[in-house]
Structure formats: C-alpha cells, structure tokens
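Asks: Handing you this structure, nothing more for now.
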Amino acid sequence: MQQITKSVTLAYSSLPRPHRIMLGSLTVITLAIAVWRPAIYSHTDSESLPVPAASESVQANTLTPEASEPLDQAAPDDSIPEDELDQKVGATDVHEYIVSDGDTLGSILTQYGIDMSDVALISNQNRALRNLKIGQQLSWKVNETGDLKELTWVVSRKETRVYEHVEGRFAEKTESKEGEWRNSVVSGTVTGSFVTSARNAGLSNSEINAVTKALQWQMDFRKLRKGDQFSALFSREKMDGKDDKSQLTAVRLRTGGKDYYAVRAEDGKFYDQEGSGLARGFMRFPTMKQFRISSQFNPRRLHPVTGRIAPHKGVDFSMPVGTPVLAVGDGEVVLAKMSGAAGNYVAIRHGRQYTTHYMHLKKLLVKPGQKVKRGERIALSGNTGRSTGPHLHYEFWINNQAVNPLTAKLPRSDGLAGKERTDFLAQVKEVTPQLQFN
Ligand SMILES: [Zn+2]
C-alpha cells in the first residue's frame with residue numbers, strides 16, 4: 001500500500017502544475033461523491049432512485065430509503081398563479097365526472113387516487129353502481145386523508161342517489177324529489193370581465209363554470225373584449241320556488257365578429273355545430289418514447305416515520321439527462337422557472353380544466369405566457385432540485401386535482417358519428433335559433 005501511495009505521489013509531483021490542479025480537484029470531487037452518495041440514499045425515497053449499479057444496490061436495500069420527506073413535491077410557491085376565473089368562480093372540493101365509454105366506478109375513482117378498498121366497499125354494498133350509463137354525472141368528496149367521504153350519482157334528472165360513508169358503510173339515500181324543469185335562455189354583453197358580465201346577466205357560479213368548460217378549447221375567456229356577446233340555454237330546475245339544479249344545453253359566444261358554439265349531446269359532452277369534438281387530443285406520455293417508471297402516482301403515500309400523508313402527485317420516468325420533454329397537449333405555459341425542490345419546472349394550462357407539470361428539468365425551452373402545441377419541445381429533462389437521479393416527474397391535474405397520468409381519462413378529439421351524429425344535428429337545429437343576443 002505504501003509503495004502504491006509513494007509511486008502515486010511521485011507521479012503526481014512529476015506532473016506539470018495545471019495537470020496537478022486538475023487531478024487534485026478531480027480527486028476531491030471523486031472523494032466528495034464517494035462520501036456523499038450513501039448520504040443521498042439515506043435521504044431518498046425509493047421512488048426517484050435511478051437503477052443503481054450492482055454494488056450500490058446492496059447498500060441501497062439495507063437502508064430505509066422511504067425514511068425521508070418526498071423529494072420532488074412542489075413547494076407551495078410553485079403553484080400555478082390563479083387567474084380571475086379561478087378566483088372569482090372558485091374551485092370547489094367536489095370532483096365531478098361525466099361517465100363515458102368504457103368507464104366503471106373503479107376505473108373512474110382510482111384514477112383520482114381513491115383507494116381500491118373504498119371502491120370495493122361502496123360497490124359491494126350498492127350493486128346498482130355497477131350499472132353506470134354514459135352521460136350520467138358522478139361527483140364525490142374525499143376527506144383530508146384522501147378517503148371517499150360521499151358519492152353522488154345523478155341517475156337521471158328525476159333521480160339522484162347519494163352515498164355517504166358512515167361507520168364503515170356507504171348508506172344510499174335516494175333523492176327523487178322532483179322540481180319543475182324549464183328552459184331558460186340567458187344572454188349578455190361583455191362589459192368588464194366575462195365573470196362579472198355573466199353574473200350581471202344572471203348566471204350562477206356553477207353556470208359560469210359550465211360555460212367556460214364547454215368552450216374551453218375554443219377560446220380564452222380572459223381575452224374577451226368589450227362588446228363581445230354571449231347567449232346560453234340552460235335547463236333549470238325550480239324547487240319550492242327557487243332555482244335548484246341547472247344544466248347547460250348549449251352556448252353561443254360572439255367575439256371578434258365570429259360565433260362559437262358548444263352544444264351538449266346525449267353523452268353529456270359538448271360538440272360544435274357539426275358534431276365535431278372540441279377537446280384536442282392529448283398524448284399519454286410527455287416524451288417521444290416510453291421510459292421506465294421509477295415511481296408511481298400515489299396520493300396516499302404514507303411517510304414511514306411521521307405517519308403523515310406524503311403524496312406522490314405524479315409519475316417519475318427514469319430517463320437520461322437531456323431527453324426532450326414534450327407538451328402533452330395544446331396550451332399555454334403558465335410557469336417556467338427554477339423552483340426549489342422541483343428544480344427547473346414547467347407548468348402548462350390546457351383549456352380550463354387541465355394542467356400539466358414537468359419537474360427536475362435541465363433546460364427550459366419555453367417562457368411563461370407562451371402558447372405551445374401538442375408534441376412541442378418544452379424542455380430537456382434533467383436532475384435538478386431535490387432529485388437523486390436523472391428523471392422526469394410528470395403531473396396531470398384535472399379541476400385542480402392531481403390524477404394518475406397513466407390512467408386519467410384524457411380529453412378526446414373524436415367527433416360523433418352515425419345515429420348519434422344524426423340525432424345531435426337535429427338537436428342543434430332546434431337549439432341554436434334560441435341562442436339570440438339581446
Ligand atoms: Zn416524482
């Protein structure tokens with residue numbers, strides 16, 4: 001050993017000075033890495049570990065990798081700045097969902113991170129829930145720990161079933177009290193903001209939400225101008241003389257001299273006058289090819305030491321630094337900056353209901369306010385912020401809630417066809433003449 005040290009020292013001193021400095025600092029760096037690595041593992045949660053080399057895996061396994069705070073959660077100041085629609089109309093803690101093709105209660109609730117045991121409990125106790133129909137609406141509330149608290153199933157206009165979790169049971173309550181449904185056309189002119197103008201015209205908050213959702217892929221409500229006009233047809237239910245429920249049937253909005261329509265079809269979704277889909281398609285993965293998942297979405301992840309919920313709000317894809325990261329859908333960049341634990345961070349808003357988040361990036365290729373197209377490069381992946389290996393942390397949010405990006409129902413661009421389209425066109429013919437401006 002002494003021999004080796006001696007010859008190394010000799011070789012070292014015989015080197016020219018710049019080389020010695022370089023070699024010296026390399027040694028320091030190497031030592032630092034060697035000393036530092038085990039420390040990382042003790043801080044890590046297994047999720048974002050890169051595939052460890054064989055010699056390292058033993059060590060990684062003997063430590064308790066979960067015994068730490070989650071690595072890549074966005075700090076509170078990382079949240080997307082709210083715009084007027086969010087602030088004034090408000091995001092509620094109720095999650096709404098329209099049943100579509102191929103959905104089951106389980107597939108719907110689990111994509112929102114509700115535990116399979118809750119789904120099993122409610123559907124075993126209430127078998128009718130196995131017969132959901134396309135176009136029906138479900139809404140639910142969860143408690144602080146993410147457990148299902150209450151589920152509301154709008155079976156039809158006449159019948160709503162509510163399931164409340166009380167002492168290990170989901171008891172069913174049927175509300176079949178029936179008010180009087182009638183159609184009302186509400187129209188107005190934009191004077192200040194859309195929200196204020198819509199309120200002045202007599203729309204409730206939930207009706208304003210319905211209108212902005214229906215037209216979300218066709219326009220940016222923040223960019224409407226004074227003098228723009230809107231007209232919406234609602235089906236409203238009067239109960240004991242007061243407005244109770246309301247459903248948007250169709251809406252027309254004129255801006256810059258052009259009319260935009262969204263009309264509700266039997267399936268509960270909105271289409272344009274031709275029956276074409278309004279939502280633009282999304283890509284499932286934010287990269288050209290699919291990478292290995294190093295950590296799954298888990299909103300109920302428990303911290304092993306503190307016992308607190310430390311959710312993993314997205315999916316981690318293990319990938320080499322410098323991999324192009326793509327916008328999964330058309331949208332507007334709302335955040336692109338270095339942001340603490342998230343590292344270099346991009347967030348995109350798609351329409352009004354959807355946002356996507358991309359973290360630990362090496363290089364940002366977009367700026368806030370920039371419009372991006374589906375498939376456009378927005379960044380190069382990296383290992384910045386609180387991250388222990390090259391990976392992309394990707395989140396998909398619907399209505400202000402993180403959902404599982406791998407299973408979430410993505411907005412689809414498909415239009416109607418066949419009989420459904422014929423029926424829809426007949427409905428358009430009946431409905432659109434009613435959408436007059438005052
Ligand atoms: Zn992650």
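Residues are named by chain letter and number: chains run A, B, ... in the order of the structure tokens, numbers start at 1 in each chain, and ligands are numbered from 1 in the order shown.
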Taking only C-alpha atoms and all ligand atoms into account, list the residues no farther than 6 Å from ligand 1, as a list in words.
Replies: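 The distance check yields Asp72, Gly314, Val315, Asp316 and His393 of chain A.
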Asks: If we count only C-alpha atoms and set the cut-off at 6 Å, which residues sit around segment 351-361 of chain A, ignoring sequence neighbours fewer than 4 positions away in its own chain? Please answer as number ranges by chain.
Replies: A: 216-217, 342-347, 380-385, 393-399
Asks: Where does DSSP see helix (DSSP H, G or I) in segment 136-284 of chain A, if you list the residues as a list in words?
Replies: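 Reading the DSSP output for segment 136-284 of chain A, helix (DSSP H, G or I) covers Phe194, Val195, Thr196, Ser197, Ala198, Arg199, Asn200, Ala201, Asn205, Ser206, Glu207, Ile208, Asn209, Ala210, Val211, Thr212, Lys213, Ala214, Phe221, Arg222 and Lys223 of chain A.
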Asks: Report the distance between atom CA of Arg349 of chain A and atom CA of Lys269 of chain A in Å, rounded to one decimal place.
Replies: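 Answer for the atom CA of Arg349 of chain A to atom CA of Lys269 of chain A separation: 20.4 Å.
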Asks: What is the atom CA of Ser231 of chain A-atom CA of Arg252 of chain A distance in Å, reported with one decimal?
Replies: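 Spanning atom CA of Ser231 of chain A to atom CA of Arg252 of chain A is a straight-line distance of 5.3 Å.
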Asks: Using only C-alpha atoms, pick whichever of A:Glu376, A:Glu274, A:Asp414, A:Glu332 has the shortest atom-to-atom distance to Thr432 of chain A.
Replies: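 With only C-alpha atoms as the atom set, the closest residue is A:Glu274.
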Asks: Using backbone DSSP assignments, extract all strand (DSSP E or B) residues from segment 133-292 of chain A; output them as number ranges by chain.
Replies: A: 137-142, 148-154, 160-166, 169-175, 180-189, 229-239, 242-255, 258-264, 270-271, 277
Asks: With only C-alpha atoms as the basis for distance, which of A:Gly277, A:Gly241, A:Gly322, A:Gly257 is at the shortest distance from Pro390 of chain A?
Replies: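 Using only C-alpha atoms, Pro390 of chain A sits closest to A:Gly322.
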Asks: To one decimal in Å, tell me the separation between atom CA of Gly168 of chain A and atom CA of Arg130 of chain A.
Replies: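 Computing the Euclidean distance for atom CA of Gly168 of chain A and atom CA of Arg130 of chain A yields 19.7 Å.
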Asks: Against segment 171-178 of chain A, which residues of segment 227-316 of chain A fall within 10 Å? For each one I want the closest pair of atoms and the distance in Å (one decimal), counting only C-alpha atoms, rows by chain and increasing residue number, as a tab-separated table.
Replies:
```
residue	atom	partner	partner_atom	distance
A:Glu237	CA	A:Glu178	CA	8.5
A:Lys238	CA	A:Glu178	CA	8.9
A:Met239	CA	A:Glu178	CA	7.4
A:Asp240	CA	A:Glu178	CA	9.9
```
Asks: Give me, as a tab-separated table, each residue of segment 326-426 of chain A that comes within 10 Å of segment 112-128 of chain A, together with its shortest interatomic pair and the distance in Å at one decimal, counting only C-alpha atoms, with rows ordered by chain and rising residue number.
Replies:
```
residue	atom	partner	partner_atom	distance
A:Trp397	CA	A:Tyr112	CA	9.5
A:Ile398	CA	A:Tyr112	CA	9.1
A:Gln401	CA	A:Tyr112	CA	7.9
A:Ala402	CA	A:Tyr112	CA	7.2
A:Val403	CA	A:Tyr112	CA	4.7
A:Asn404	CA	A:Tyr112	CA	6.4
A:Pro405	CA	A:Tyr112	CA	9.6
A:Thr407	CA	A:Tyr112	CA	9.1
A:Ala408	CA	A:Tyr112	CA	7.7
```
Asks: With N, CA, C and O atoms kept, could you save the residues just selected as a PDB file, in the first residue's frame?
Replies:
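For reference, selection.pdb as written:
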```
ATOM      1  N   TRP A 397     -53.201  17.286 -13.898  1.00  0.00           N
ATOM      2  CA  TRP A 397     -54.247  17.778 -12.992  1.00  0.00           C
ATOM      3  C   TRP A 397     -55.545  18.015 -13.756  1.00  0.00           C
ATOM      4  O   TRP A 397     -55.525  18.552 -14.865  1.00  0.00           O
ATOM      5  N   ILE A 398     -56.646  17.594 -13.162  1.00  0.00           N
ATOM      6  CA  ILE A 398     -57.968  17.903 -13.711  1.00  0.00           C
ATOM      7  C   ILE A 398     -58.758  18.617 -12.624  1.00  0.00           C
ATOM      8  O   ILE A 398     -58.831  18.115 -11.495  1.00  0.00           O
ATOM      9  N   GLN A 401     -57.081  19.028  -9.279  1.00  0.00           N
ATOM     10  CA  GLN A 401     -56.680  17.858  -8.517  1.00  0.00           C
ATOM     11  C   GLN A 401     -55.714  16.997  -9.322  1.00  0.00           C
ATOM     12  O   GLN A 401     -55.950  16.758 -10.513  1.00  0.00           O
ATOM     13  N   ALA A 402     -54.657  16.570  -8.673  1.00  0.00           N
ATOM     14  CA  ALA A 402     -53.702  15.700  -9.352  1.00  0.00           C
ATOM     15  C   ALA A 402     -54.334  14.332  -9.554  1.00  0.00           C
ATOM     16  O   ALA A 402     -54.916  13.770  -8.633  1.00  0.00           O
ATOM     17  N   VAL A 403     -54.256  13.808 -10.760  1.00  0.00           N
ATOM     18  CA  VAL A 403     -54.797  12.481 -11.048  1.00  0.00           C
ATOM     19  C   VAL A 403     -53.669  11.607 -11.586  1.00  0.00           C
ATOM     20  O   VAL A 403     -52.580  12.095 -11.885  1.00  0.00           O
ATOM     21  N   ASN A 404     -53.957  10.337 -11.715  1.00  0.00           N
ATOM     22  CA  ASN A 404     -52.923   9.431 -12.215  1.00  0.00           C
ATOM     23  C   ASN A 404     -52.719   9.660 -13.718  1.00  0.00           C
ATOM     24  O   ASN A 404     -53.614   9.372 -14.508  1.00  0.00           O
ATOM     25  N   PRO A 405     -51.529  10.142 -14.109  1.00  0.00           N
ATOM     26  CA  PRO A 405     -51.319  10.465 -15.528  1.00  0.00           C
ATOM     27  C   PRO A 405     -51.378   9.233 -16.434  1.00  0.00           C
ATOM     28  O   PRO A 405     -51.602   9.365 -17.626  1.00  0.00           O
ATOM     29  N   THR A 407     -53.531   6.672 -16.116  1.00  0.00           N
ATOM     30  CA  THR A 407     -54.872   6.126 -16.303  1.00  0.00           C
ATOM     31  C   THR A 407     -55.951   7.197 -16.488  1.00  0.00           C
ATOM     32  O   THR A 407     -57.086   6.868 -16.779  1.00  0.00           O
ATOM     33  N   ALA A 408     -55.595   8.455 -16.289  1.00  0.00           N
ATOM     34  CA  ALA A 408     -56.598   9.520 -16.375  1.00  0.00           C
ATOM     35  C   ALA A 408     -57.279   9.498 -17.735  1.00  0.00           C
ATOM     36  O   ALA A 408     -56.646   9.243 -18.755  1.00  0.00           O
TER      37      ALA A 408
END
```
Asks: Taking only C-alpha atoms into account, which of A:Val328, A:Val333, A:Leu406, A:Leu233 comes nearest Ser107 of chain A?
Replies: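 Closest to Ser107 of chain A, using only C-alpha atoms: A:Leu406.
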Asks: Here is a test: counting only C-alpha atoms, which residue of A:Ser276, A:Gln137, A:Asn200, A:Ser100 is nearest to Ala417 of chain A?
Replies: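 Ranking A:Ser276, A:Gln137, A:Asn200, A:Ser100 by distance to Ala417 of chain A, first place goes to A:Ser276.
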Asks: Excluding Val155 of chain A and residues on its chain fewer than 6 positions from it, collect all residues at most 9 Å away from it, counting only C-alpha atoms, and give them as a list in words.
Replies: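 The neighbour list is Leu132, Lys133, Gln136, Gln137, Leu138 and Arg161 of chain A.
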Asks: Between A:Leu203, A:Leu392, A:Met338, A:Ala262, which one has atoms that come closest to Phe285 of chain A, using only C-alpha atoms?
Replies: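 Among the listed residues, A:Leu392 lies closest to Phe285 of chain A.
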